[in-house]
file query.csv (CSV, C-alpha atoms)
chain,number,residue,atom,x,y,z
Q,7,MET,CA,124.2,-69.6,-52.2
Q,8,LYS,CA,127.1,-68.3,-50.1
Q,9,GLU,CA,127.0,-65.0,-52.0
Q,10,ASN,CA,123.5,-64.3,-50.8
Q,11,GLU,CA,124.3,-65.0,-47.2
Q,12,ASN,CA,127.0,-62.3,-47.2
Q,13,GLU,CA,125.0,-59.8,-49.2
Q,14,PHE,CA,123.3,-58.2,-46.2
Q,15,GLU,CA,126.1,-58.8,-43.6
Q,16,ASN,CA,127.4,-55.3,-43.7
Q,17,GLU,CA,124.2,-53.5,-44.3
Q,18,LEU,CA,124.2,-51.0,-41.4
Q,19,ARG,CA,125.8,-47.6,-41.8
Q,20,PRO,CA,128.9,-46.9,-39.7
Q,21,GLU,CA,127.2,-44.3,-37.6
Q,22,TYR,CA,125.0,-47.0,-36.1
Q,23,ASP,CA,127.4,-48.3,-33.5
Q,24,PHE,CA,125.3,-50.5,-31.2
Q,25,SER,CA,128.3,-51.3,-29.0
Q,26,LYS,CA,127.9,-47.8,-27.5
Q,27,MET,CA,124.3,-48.3,-26.7
Q,28,THR,CA,123.4,-49.2,-23.2
Q,29,GLY,CA,120.3,-49.7,-21.1
Q,30,GLY,CA,118.3,-51.6,-23.7
Q,31,VAL,CA,116.0,-54.3,-22.4
Q,32,ARG,CA,115.2,-57.2,-24.7
Q,33,GLY,CA,111.5,-58.0,-24.8
Q,34,LYS,CA,110.6,-55.0,-22.7
Q,35,TYR,CA,107.1,-54.8,-24.3
Q,36,ALA,CA,106.6,-58.5,-25.2
Q,37,GLU,CA,104.0,-59.1,-22.5
Q,38,ARG,CA,102.0,-56.0,-23.5
Q,39,TYR,CA,102.2,-57.0,-27.1
Q,40,LYS,CA,101.0,-60.5,-26.4
Q,41,ALA,CA,98.0,-59.1,-24.4
Q,42,GLY,CA,97.0,-57.2,-27.5
Q,43,THR,CA,96.6,-53.5,-28.1
Q,44,ASN,CA,94.0,-51.3,-29.8
Q,45,LEU,CA,95.4,-48.2,-31.3
Q,46,VAL,CA,93.1,-45.5,-32.7
Q,47,LEU,CA,94.3,-42.4,-34.5
Q,48,LEU,CA,92.3,-39.4,-33.3
Q,49,ASP,CA,91.7,-36.4,-35.5
Q,50,PRO,CA,93.4,-33.3,-34.1
Q,51,ASP,CA,90.2,-31.6,-33.0
Q,52,VAL,CA,89.1,-34.8,-31.1
Q,53,ALA,CA,92.6,-35.2,-29.6
Q,54,GLN,CA,92.4,-31.7,-28.3
Q,55,ALA,CA,89.0,-32.4,-26.6
Q,56,PHE,CA,90.2,-35.7,-25.2
Q,57,PRO,CA,93.9,-35.4,-24.4
Q,58,THR,CA,94.3,-38.7,-22.5
Q,59,ASP,CA,93.3,-42.3,-23.0
Q,60,GLU,CA,91.3,-42.1,-19.8
Q,61,SER,CA,89.3,-39.2,-21.1
Q,62,VAL,CA,88.5,-41.0,-24.3
Q,63,ASN,CA,87.5,-44.2,-22.5
Q,64,GLU,CA,85.3,-42.2,-20.1
Q,65,ALA,CA,83.5,-40.4,-23.0
Q,66,LEU,CA,83.0,-43.7,-24.9
Q,67,ARG,CA,81.6,-45.5,-21.8
Q,68,LEU,CA,79.1,-42.6,-21.3
Q,69,LEU,CA,78.1,-42.9,-24.9
Q,70,ILE,CA,77.6,-46.7,-24.5
Q,71,GLN,CA,75.4,-46.1,-21.5
Q,72,ILE,CA,73.3,-43.5,-23.4
Q,73,ALA,CA,73.0,-45.9,-26.4
Q,74,GLN,CA,71.9,-48.7,-24.2
Q,75,ARG,CA,69.2,-46.6,-22.5
Q,76,GLN,CA,67.9,-45.5,-25.9
Q,77,ARG,CA,67.3,-49.2,-26.9
Q,78,THR,CA,65.2,-50.0,-23.8

call {"tool": "encode", "arguments": {"input": "query.csv", "output": "structure tokens"}}
result
Amino acid sequence: MKENENEFENELRPEYDFSKMTGGVRGKYAERYKAGTNLVLLDPDVAQAFPTDESVNEALRLLIQIAQRQRT
């Protein structure tokens, strides 16, 4: 079993020298991850028409309002 423990010990390439990396923050996005996220991949033509998350949300809210009016 001791062989398997050492098998992955030196797995990183030499160019990955984490001792030179500074400024990293452990758990920086942990709270946001816990809150949950909804990611949606937009087709290029849609992304061009709605370049920000705010514009997408605004358009979808308007669509929801229109759909609700059609039901009544």

call {"tool": "atom_distance", "arguments": {"input": "query.csv", "atom1": "atom CA of Leu68 of chain Q", "atom2": "atom CA of Ala41 of chain Q"}}
result
25.3 Å

call {"tool": "atom_distance", "arguments": {"input": "query.csv", "atom1": "atom CA of Thr43 of chain Q", "atom2": "atom CA of Asp59 of chain Q"}}
result
12.7 Å

call {"tool": "atom_distance", "arguments": {"input": "query.csv", "atom1": "atom CA of Gly42 of chain Q", "atom2": "atom CA of Leu66 of chain Q"}}
result
19.6 Å

call {"tool": "closest_residue", "arguments": {"input": "query.csv", "among": "Q:Leu47, Q:Ala36, Q:Val31, Q:Leu18", "to": "Val62 of chain Q", "atoms": "all atoms listed in the file"}}
result
Q:Leu47

call {"tool": "build_atoms", "arguments": {"input": "query.csv", "residues": "segment 44-55 of chain Q", "atoms": "all heavy atoms", "output": "short mmCIF file (atom, residue, chain, number, x, y, z; two decimals), in the frame of the given file"}}
result
data_model
loop_
_atom_site.label_atom_id
_atom_site.label_comp_id
_atom_site.auth_asym_id
_atom_site.auth_seq_id
_atom_site.Cartn_x
_atom_site.Cartn_y
_atom_site.Cartn_z
N ASN Q 44 94.87 -51.98 -28.87
CA ASN Q 44 94.00 -51.30 -29.80
C ASN Q 44 94.40 -49.89 -29.92
O ASN Q 44 94.25 -49.11 -28.99
CB ASN Q 44 92.51 -51.38 -29.29
CG ASN Q 44 91.95 -52.77 -29.32
OD1 ASN Q 44 92.23 -53.52 -30.23
ND2 ASN Q 44 91.18 -53.12 -28.32
N LEU Q 45 94.96 -49.55 -31.05
CA LEU Q 45 95.40 -48.20 -31.30
C LEU Q 45 94.41 -47.52 -32.23
O LEU Q 45 94.03 -48.10 -33.24
CB LEU Q 45 96.79 -48.16 -31.89
CG LEU Q 45 97.90 -48.75 -31.03
CD1 LEU Q 45 99.21 -48.72 -31.79
CD2 LEU Q 45 98.03 -48.00 -29.74
N VAL Q 46 94.04 -46.29 -31.89
CA VAL Q 46 93.10 -45.50 -32.70
C VAL Q 46 93.73 -44.16 -32.92
O VAL Q 46 94.16 -43.51 -31.97
CB VAL Q 46 91.74 -45.40 -32.03
CG1 VAL Q 46 90.81 -44.55 -32.86
CG2 VAL Q 46 91.15 -46.76 -31.76
N LEU Q 47 93.78 -43.72 -34.16
CA LEU Q 47 94.30 -42.40 -34.50
C LEU Q 47 93.17 -41.40 -34.40
O LEU Q 47 92.18 -41.51 -35.15
CB LEU Q 47 94.94 -42.40 -35.86
CG LEU Q 47 95.55 -41.08 -36.31
CD1 LEU Q 47 96.68 -40.67 -35.35
CD2 LEU Q 47 96.07 -41.21 -37.72
N LEU Q 48 93.29 -40.44 -33.51
CA LEU Q 48 92.30 -39.40 -33.30
C LEU Q 48 92.58 -38.23 -34.24
O LEU Q 48 93.74 -37.85 -34.40
CB LEU Q 48 92.20 -38.94 -31.89
CG LEU Q 48 91.91 -39.99 -30.84
CD1 LEU Q 48 91.96 -39.37 -29.45
CD2 LEU Q 48 90.57 -40.65 -31.08
N ASP Q 49 91.54 -37.63 -34.79
CA ASP Q 49 91.70 -36.40 -35.50
C ASP Q 49 92.16 -35.31 -34.54
O ASP Q 49 91.84 -35.39 -33.34
CB ASP Q 49 90.44 -35.97 -36.22
CG ASP Q 49 90.11 -36.86 -37.42
OD1 ASP Q 49 91.04 -37.47 -37.99
OD2 ASP Q 49 88.92 -36.94 -37.77
N PRO Q 50 92.90 -34.30 -35.01
CA PRO Q 50 93.40 -33.30 -34.10
C PRO Q 50 92.40 -32.61 -33.21
O PRO Q 50 92.64 -32.38 -32.03
CB PRO Q 50 94.10 -32.27 -35.04
CG PRO Q 50 94.46 -33.07 -36.25
CD PRO Q 50 93.37 -34.10 -36.38
N ASP Q 51 91.21 -32.31 -33.76
CA ASP Q 51 90.20 -31.60 -33.00
C ASP Q 51 89.67 -32.56 -31.85
O ASP Q 51 89.41 -32.11 -30.73
CB ASP Q 51 89.05 -31.13 -33.83
CG ASP Q 51 88.37 -32.24 -34.63
OD1 ASP Q 51 89.06 -33.20 -35.03
OD2 ASP Q 51 87.14 -32.13 -34.87
N VAL Q 52 89.56 -33.84 -32.13
CA VAL Q 52 89.10 -34.80 -31.10
C VAL Q 52 90.20 -34.98 -30.06
O VAL Q 52 89.91 -35.01 -28.86
CB VAL Q 52 88.73 -36.14 -31.77
CG1 VAL Q 52 88.35 -37.16 -30.72
CG2 VAL Q 52 87.61 -35.94 -32.77
N ALA Q 53 91.43 -35.08 -30.49
CA ALA Q 53 92.60 -35.20 -29.60
C ALA Q 53 92.67 -34.05 -28.63
O ALA Q 53 93.05 -34.19 -27.46
CB ALA Q 53 93.85 -35.45 -30.33
N GLN Q 54 92.34 -32.88 -29.12
CA GLN Q 54 92.40 -31.70 -28.30
C GLN Q 54 91.30 -31.74 -27.19
O GLN Q 54 91.52 -31.36 -26.06
CB GLN Q 54 92.21 -30.43 -29.13
CG GLN Q 54 92.42 -29.15 -28.36
CD GLN Q 54 92.37 -27.93 -29.27
OE1 GLN Q 54 92.04 -28.03 -30.47
NE2 GLN Q 54 92.67 -26.78 -28.73
N ALA Q 55 90.14 -32.26 -27.54
CA ALA Q 55 89.00 -32.40 -26.60
C ALA Q 55 89.26 -33.49 -25.59
O ALA Q 55 88.81 -33.40 -24.44
CB ALA Q 55 87.71 -32.57 -27.32
#
